[in-house]
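Pasted below: model_29.csv, CSV, C-alpha atoms.
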```csv
chain,number,residue,atom,x,y,z
O,954,LEU,CA,56.2,-131.7,-50.1
O,955,ALA,CA,57.3,-130.1,-53.3
O,956,LYS,CA,60.4,-127.9,-52.8
O,957,THR,CA,60.2,-124.4,-54.1
O,958,THR,CA,63.0,-122.0,-55.3
O,959,GLN,CA,62.6,-118.3,-55.4
O,960,PRO,CA,64.9,-115.4,-55.9
O,961,ILE,CA,66.3,-114.1,-52.6
O,962,SER,CA,65.6,-110.5,-53.3
O,963,MET,CA,64.2,-108.0,-55.9
O,964,ASP,CA,64.2,-104.3,-56.2
O,965,SER,CA,61.5,-102.2,-58.0
O,966,TYR,CA,60.2,-98.7,-58.2
O,967,GLU,CA,56.8,-97.3,-57.4
O,968,GLY,CA,54.3,-97.7,-60.2
O,969,GLN,CA,56.1,-100.6,-61.8
O,970,GLU,CA,54.7,-104.1,-62.3
O,971,VAL,CA,56.7,-106.8,-60.3
O,972,ASN,CA,56.8,-110.4,-61.3
O,973,ILE,CA,58.2,-113.0,-58.8
O,974,THR,CA,58.8,-116.4,-60.2
O,975,CYS,CA,58.8,-119.6,-58.1
O,976,SER,CA,60.1,-123.0,-59.4
O,977,HIS,CA,58.5,-126.2,-58.1
O,978,ASN,CA,59.7,-128.9,-60.4
O,979,ASN,CA,58.4,-131.9,-58.4
O,980,ILE,CA,54.9,-130.5,-57.9
O,981,ALA,CA,52.3,-133.3,-57.4
O,982,THR,CA,49.0,-133.7,-59.2
O,983,ASN,CA,46.9,-132.6,-56.1
O,984,ASP,CA,49.2,-129.7,-55.1
O,985,TYR,CA,48.0,-126.1,-55.2
O,986,ILE,CA,50.3,-123.1,-55.3
O,987,THR,CA,49.9,-120.5,-52.6
O,988,TRP,CA,51.6,-117.2,-52.1
O,989,TYR,CA,51.9,-115.3,-48.8
O,990,GLN,CA,53.1,-111.8,-48.0
O,991,GLN,CA,54.9,-110.9,-44.8
O,992,PHE,CA,55.6,-107.4,-43.5
O,993,PRO,CA,58.3,-106.8,-40.9
O,994,SER,CA,57.1,-107.7,-37.4
O,995,GLN,CA,53.9,-109.4,-38.7
O,996,GLY,CA,52.7,-112.9,-39.5
O,997,PRO,CA,52.4,-114.0,-43.1
O,998,ARG,CA,49.2,-113.1,-44.9
O,999,PHE,CA,47.6,-115.0,-47.7
O,1000,ILE,CA,47.7,-113.3,-51.1
O,1001,ILE,CA,46.5,-115.7,-53.7
O,1002,GLN,CA,46.2,-119.4,-54.6
O,1003,GLY,CA,45.9,-121.3,-57.8
O,1004,TYR,CA,46.1,-124.7,-59.5
O,1005,LYS,CA,46.6,-123.9,-63.2
O,1006,THR,CA,46.4,-121.2,-65.8
O,1007,LYS,CA,45.7,-117.7,-64.3
O,1008,VAL,CA,44.1,-116.5,-61.1
O,1009,THR,CA,43.5,-112.9,-60.4
O,1010,ASN,CA,42.2,-111.1,-57.3
O,1011,GLU,CA,42.1,-107.5,-56.1
O,1012,VAL,CA,45.8,-107.7,-54.9
O,1013,ALA,CA,47.7,-109.8,-57.5
O,1014,SER,CA,47.6,-112.2,-60.4
O,1015,LEU,CA,49.1,-115.7,-60.4
O,1016,PHE,CA,50.3,-117.3,-63.7
O,1017,ILE,CA,50.8,-121.0,-63.9
O,1018,PRO,CA,52.0,-122.6,-67.1
O,1019,ALA,CA,50.6,-125.9,-68.4
O,1020,ASP,CA,53.4,-128.1,-66.9
O,1021,ARG,CA,52.9,-126.4,-63.5
O,1022,LYS,CA,56.6,-126.6,-62.7
O,1023,SER,CA,56.8,-122.9,-62.0
O,1024,SER,CA,54.5,-120.0,-61.2
O,1025,THR,CA,54.7,-116.2,-61.3
O,1026,LEU,CA,53.2,-113.8,-58.8
O,1027,SER,CA,52.4,-110.5,-60.5
O,1028,LEU,CA,51.9,-107.3,-58.5
O,1029,PRO,CA,50.6,-104.5,-60.7
O,1030,ARG,CA,51.8,-100.9,-60.1
O,1031,VAL,CA,53.6,-101.5,-56.8
O,1032,SER,CA,53.8,-98.9,-54.1
O,1033,LEU,CA,56.2,-98.4,-51.1
O,1034,SER,CA,53.7,-100.4,-49.0
O,1035,ASP,CA,54.3,-103.5,-51.1
O,1036,THR,CA,57.8,-103.8,-49.6
O,1037,ALA,CA,57.7,-107.2,-47.9
O,1038,VAL,CA,58.8,-110.8,-48.1
O,1039,TYR,CA,56.8,-113.0,-50.5
O,1040,TYR,CA,56.6,-116.8,-50.0
O,1041,CYS,CA,55.6,-119.4,-52.5
O,1042,LEU,CA,54.3,-122.6,-51.0
O,1043,VAL,CA,53.2,-125.8,-52.8
O,1044,GLY,CA,51.0,-128.5,-51.2
O,1045,ASP,CA,47.7,-130.2,-51.4
O,1046,ASN,CA,44.6,-129.1,-49.5
O,1047,ALA,CA,44.5,-132.1,-47.3
O,1048,GLY,CA,48.0,-131.8,-45.6
O,1049,ASN,CA,49.0,-129.6,-42.8
O,1050,MET,CA,52.7,-129.6,-43.1
O,1051,LEU,CA,53.7,-126.4,-44.9
O,1052,THR,CA,57.3,-125.6,-45.7
O,1053,PHE,CA,58.2,-122.0,-46.0
O,1054,GLY,CA,61.4,-121.3,-47.8
O,1055,GLY,CA,63.4,-118.1,-47.4
O,1056,GLY,CA,61.0,-116.2,-49.6
O,1057,THR,CA,61.7,-113.2,-51.9
O,1058,ARG,CA,62.5,-109.9,-50.3
O,1059,LEU,CA,60.9,-107.2,-52.4
O,1060,MET,CA,62.1,-103.6,-51.9
O,1061,VAL,CA,60.1,-100.9,-53.6
O,1062,LYS,CA,61.9,-97.6,-54.0
O,1063,PRO,CA,60.4,-94.2,-54.6
P,1138,ASN,CA,36.3,-111.4,-35.4
P,1139,ALA,CA,39.7,-111.5,-33.7
P,1140,GLY,CA,41.2,-114.3,-35.9
P,1141,VAL,CA,44.3,-115.8,-34.3
P,1142,THR,CA,45.5,-114.2,-31.0
P,1143,GLN,CA,48.9,-114.8,-29.5
P,1144,THR,CA,50.0,-113.8,-26.1
P,1145,PRO,CA,52.4,-112.4,-24.9
P,1146,LYS,CA,53.7,-110.2,-27.7
P,1147,PHE,CA,57.1,-110.0,-26.1
P,1148,GLN,CA,58.9,-112.1,-23.5
P,1149,VAL,CA,62.4,-112.2,-22.1
P,1150,LEU,CA,63.5,-115.4,-20.3
P,1151,LYS,CA,66.6,-116.6,-18.6
P,1152,THR,CA,68.3,-119.8,-19.6
P,1153,GLY,CA,66.5,-122.8,-18.0
P,1154,GLN,CA,63.2,-121.0,-17.3
P,1155,SER,CA,60.0,-122.5,-18.7
P,1156,MET,CA,57.0,-120.7,-20.1
P,1157,THR,CA,53.9,-121.2,-22.2
P,1158,LEU,CA,53.1,-119.2,-25.3
P,1159,GLN,CA,49.4,-118.9,-25.8
P,1160,CYS,CA,47.5,-119.1,-29.1
P,1161,ALA,CA,43.7,-118.9,-29.5
P,1162,GLN,CA,41.6,-118.8,-32.7
P,1163,ASP,CA,37.9,-118.0,-33.0
P,1164,MET,CA,37.3,-119.3,-36.5
P,1165,ASN,CA,36.5,-122.9,-35.5
P,1166,HIS,CA,39.5,-124.1,-37.5
P,1167,GLU,CA,40.5,-127.7,-36.8
P,1168,TYR,CA,44.1,-127.3,-37.9
P,1169,MET,CA,46.6,-125.3,-35.8
P,1170,SER,CA,50.3,-124.9,-36.1
P,1171,TRP,CA,53.3,-123.3,-34.4
P,1172,TYR,CA,56.2,-121.9,-36.4
P,1173,ARG,CA,59.4,-120.2,-35.4
P,1174,GLN,CA,61.2,-117.5,-37.5
P,1175,ASP,CA,64.8,-116.6,-36.9
P,1176,PRO,CA,66.1,-113.3,-38.2
P,1177,GLY,CA,66.2,-113.1,-41.9
P,1178,MET,CA,64.9,-116.6,-42.3
P,1179,GLY,CA,61.7,-118.3,-43.4
P,1180,LEU,CA,59.3,-120.0,-41.0
P,1181,ARG,CA,60.0,-123.5,-39.6
P,1182,LEU,CA,57.2,-125.8,-38.4
P,1183,ILE,CA,57.6,-126.8,-34.7
P,1184,HIS,CA,54.4,-128.7,-33.9
P,1185,TYR,CA,50.9,-129.0,-35.4
P,1186,SER,CA,47.5,-130.3,-34.6
P,1187,VAL,CA,44.7,-131.6,-36.8
P,1188,GLY,CA,42.1,-131.5,-34.1
P,1189,ALA,CA,41.4,-131.5,-30.3
P,1190,GLY,CA,43.5,-134.3,-28.7
P,1191,ILE,CA,45.7,-134.8,-31.7
P,1192,THR,CA,49.2,-133.3,-32.1
P,1193,ASP,CA,52.3,-134.1,-34.2
P,1194,GLN,CA,55.9,-133.0,-34.6
P,1195,GLY,CA,57.1,-130.7,-37.3
P,1196,GLU,CA,60.6,-129.9,-38.5
P,1197,VAL,CA,62.1,-128.5,-35.3
P,1198,PRO,CA,60.1,-130.0,-32.3
P,1199,ASN,CA,63.0,-130.5,-29.8
P,1200,GLY,CA,62.6,-128.4,-26.6
P,1201,TYR,CA,58.9,-127.7,-27.2
P,1202,ASN,CA,55.7,-129.4,-26.1
P,1203,VAL,CA,52.1,-128.8,-27.2
P,1204,SER,CA,48.7,-130.0,-26.3
P,1205,ARG,CA,45.2,-129.4,-27.8
P,1206,SER,CA,42.5,-129.8,-25.3
P,1207,THR,CA,40.0,-127.6,-27.2
P,1208,THR,CA,39.5,-126.5,-30.8
P,1209,GLU,CA,40.2,-122.9,-29.9
P,1210,ASP,CA,43.5,-123.1,-28.0
P,1211,PHE,CA,46.9,-124.5,-28.9
P,1212,PRO,CA,49.6,-123.5,-26.3
P,1213,LEU,CA,53.3,-124.0,-26.9
P,1214,ARG,CA,55.5,-124.9,-23.9
P,1215,LEU,CA,59.2,-124.2,-23.6
P,1216,LEU,CA,60.4,-126.8,-21.1
P,1217,SER,CA,63.8,-125.3,-20.3
P,1218,ALA,CA,64.6,-122.2,-22.4
P,1219,ALA,CA,67.9,-122.0,-24.2
P,1220,PRO,CA,69.5,-119.0,-26.1
P,1221,SER,CA,69.0,-121.0,-29.3
P,1222,GLN,CA,65.2,-120.6,-28.8
P,1223,THR,CA,65.5,-116.9,-29.2
P,1224,SER,CA,63.1,-116.3,-32.1
P,1225,VAL,CA,59.8,-115.0,-33.2
P,1226,TYR,CA,57.0,-117.6,-32.8
P,1227,PHE,CA,53.9,-117.6,-35.0
P,1228,CYS,CA,50.7,-119.6,-34.5
P,1229,ALA,CA,48.5,-120.3,-37.4
P,1230,SER,CA,45.2,-122.0,-38.1
P,1231,ARG,CA,43.2,-123.3,-41.1
P,1232,SER,CA,40.3,-125.4,-42.0
P,1233,PRO,CA,40.8,-128.9,-43.4
P,1234,GLY,CA,40.5,-129.1,-47.2
P,1235,ILE,CA,41.5,-125.4,-47.6
P,1236,ASN,CA,45.3,-124.9,-47.6
P,1237,ILE,CA,45.1,-121.2,-46.6
P,1238,GLN,CA,46.6,-120.4,-43.2
P,1239,TYR,CA,45.8,-117.5,-40.9
P,1240,PHE,CA,48.6,-116.3,-38.8
P,1241,GLY,CA,48.8,-114.5,-35.4
P,1242,ALA,CA,50.9,-111.4,-34.9
P,1243,GLY,CA,53.7,-113.4,-33.3
P,1244,THR,CA,55.5,-113.6,-29.9
P,1245,ARG,CA,59.0,-112.2,-29.8
P,1246,LEU,CA,61.1,-114.3,-27.4
P,1247,SER,CA,64.6,-113.6,-26.1
P,1248,VAL,CA,66.4,-116.1,-24.0
P,1249,LEU,CA,69.4,-114.7,-22.1
```
As structure tokens, the full file:
Amino acid sequence: LAKTTQPISMDSYEGQEVNITCSHNNIATNDYITWYQQFPSQGPRFIIQGYKTKVTNEVASLFIPADRKSSTLSLPRVSLSDTAVYYCLVGDNAGNMLTFGGGTRLMVKP
Amino acid sequence: NAGVTQTPKFQVLKTGQSMTLQCAQDMNHEYMSWYRQDPGMGLRLIHYSVGAGITDQGEVPNGYNVSRSTTEDFPLRLLSAAPSQTSVYFCASRSPGINIQYFGAGTRLSVL
């Protein structure tokens, strides 16, 4: 499985756009990039998944450059309720072994 | 639709006791997994199953057993609890070919 590297923590203020970058230098051709969100005392929740270029849904956008060695999760106009840990995972859609790194702890301040 | 249901939500055990953490899903997912999450850490894979009757080990399988007799259920057994197994345990499920997992709310286990 491709190893991922994310910042340990980030701070932001309400209303700002937050970008969290994940490095995955040894991503394989069949790998997808998936982001999860975890609130305290809850299980992780799927946010967004992409393969290349840009993916957008009602929660976030995911930007993936042509070389796919990194990806950026973009959260528009964050609120206090976006305070959580965000995990970047890389893997193909056939395998079941998912490796969660330490994730990025996002703190949104008023 | 309940999704992934874990029971119990909380459990305190004494060292050496055994117990089973229950996990059930109603989404007809073939793949199911168990993770543990220690304070301030990411999730580590304990065991997983790609279908009824098939199980395999993850990163940290020692001290745990699993079985998969039905598609819906994937219990995790602690054979002889140790303080090092104090953690939050999450069960997850997904469909093959779609690498999006659905997680339960977790079981918080303390071993004294």
Could you tell me which residues of chain O sit within 12 Å of chain P when counting only C-alpha atoms, and give me the result as a PDB file with C-alpha atoms, in the coordinates of the input?
```pdb
ATOM      1  CA  ILE O 961      66.300-114.100 -52.600  1.00  0.00           C
ATOM      2  CA  SER O 962      65.600-110.500 -53.300  1.00  0.00           C
ATOM      3  CA  ASN O 983      46.900-132.600 -56.100  1.00  0.00           C
ATOM      4  CA  ASP O 984      49.200-129.700 -55.100  1.00  0.00           C
ATOM      5  CA  TYR O 985      48.000-126.100 -55.200  1.00  0.00           C
ATOM      6  CA  ILE O 986      50.300-123.100 -55.300  1.00  0.00           C
ATOM      7  CA  THR O 987      49.900-120.500 -52.600  1.00  0.00           C
ATOM      8  CA  TRP O 988      51.600-117.200 -52.100  1.00  0.00           C
ATOM      9  CA  TYR O 989      51.900-115.300 -48.800  1.00  0.00           C
ATOM     10  CA  GLN O 990      53.100-111.800 -48.000  1.00  0.00           C
ATOM     11  CA  GLN O 991      54.900-110.900 -44.800  1.00  0.00           C
ATOM     12  CA  PHE O 992      55.600-107.400 -43.500  1.00  0.00           C
ATOM     13  CA  PRO O 993      58.300-106.800 -40.900  1.00  0.00           C
ATOM     14  CA  SER O 994      57.100-107.700 -37.400  1.00  0.00           C
ATOM     15  CA  GLN O 995      53.900-109.400 -38.700  1.00  0.00           C
ATOM     16  CA  GLY O 996      52.700-112.900 -39.500  1.00  0.00           C
ATOM     17  CA  PRO O 997      52.400-114.000 -43.100  1.00  0.00           C
ATOM     18  CA  ARG O 998      49.200-113.100 -44.900  1.00  0.00           C
ATOM     19  CA  PHE O 999      47.600-115.000 -47.700  1.00  0.00           C
ATOM     20  CA  ILE O1000      47.700-113.300 -51.100  1.00  0.00           C
ATOM     21  CA  ILE O1001      46.500-115.700 -53.700  1.00  0.00           C
ATOM     22  CA  GLN O1002      46.200-119.400 -54.600  1.00  0.00           C
ATOM     23  CA  GLY O1003      45.900-121.300 -57.800  1.00  0.00           C
ATOM     24  CA  TYR O1004      46.100-124.700 -59.500  1.00  0.00           C
ATOM     25  CA  ALA O1037      57.700-107.200 -47.900  1.00  0.00           C
ATOM     26  CA  VAL O1038      58.800-110.800 -48.100  1.00  0.00           C
ATOM     27  CA  TYR O1039      56.800-113.000 -50.500  1.00  0.00           C
ATOM     28  CA  TYR O1040      56.600-116.800 -50.000  1.00  0.00           C
ATOM     29  CA  CYS O1041      55.600-119.400 -52.500  1.00  0.00           C
ATOM     30  CA  LEU O1042      54.300-122.600 -51.000  1.00  0.00           C
ATOM     31  CA  VAL O1043      53.200-125.800 -52.800  1.00  0.00           C
ATOM     32  CA  GLY O1044      51.000-128.500 -51.200  1.00  0.00           C
ATOM     33  CA  ASP O1045      47.700-130.200 -51.400  1.00  0.00           C
ATOM     34  CA  ASN O1046      44.600-129.100 -49.500  1.00  0.00           C
ATOM     35  CA  ALA O1047      44.500-132.100 -47.300  1.00  0.00           C
ATOM     36  CA  GLY O1048      48.000-131.800 -45.600  1.00  0.00           C
ATOM     37  CA  ASN O1049      49.000-129.600 -42.800  1.00  0.00           C
ATOM     38  CA  MET O1050      52.700-129.600 -43.100  1.00  0.00           C
ATOM     39  CA  LEU O1051      53.700-126.400 -44.900  1.00  0.00           C
ATOM     40  CA  THR O1052      57.300-125.600 -45.700  1.00  0.00           C
ATOM     41  CA  PHE O1053      58.200-122.000 -46.000  1.00  0.00           C
ATOM     42  CA  GLY O1054      61.400-121.300 -47.800  1.00  0.00           C
ATOM     43  CA  GLY O1055      63.400-118.100 -47.400  1.00  0.00           C
ATOM     44  CA  GLY O1056      61.000-116.200 -49.600  1.00  0.00           C
ATOM     45  CA  THR O1057      61.700-113.200 -51.900  1.00  0.00           C
ATOM     46  CA  ARG O1058      62.500-109.900 -50.300  1.00  0.00           C
TER      47      ARG O1058
END
```
List the residues sitting within 10 Å of (48.2, -122.5, -66.8) in the file's frame, using all atoms listed in the file, as a ChimeraX atom specification. /O:1003-1008,1015-1021,1023-1024
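Restricting the calculation to all atoms listed in the file, the smallest distance between Val971 of chain O and any of O:Ser1014, O:Ser1027, O:Thr1036, O:Thr958 is found for O:Ser1027.
Counting from atom CA of Ala1219 of chain P, the distance to atom CA of Thr1152 of chain P is 5.1 Å.
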With all atoms listed in the file as the basis for distance, which of P:Gly1190, P:His1166, P:Leu1213, P:Val1248 is at the shortest distance from Gln1148 of chain P? P:Val1248
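Counting from atom CA of Pro1220 of chain P, the distance to atom CA of Pro1176 of chain P is 13.8 Å.
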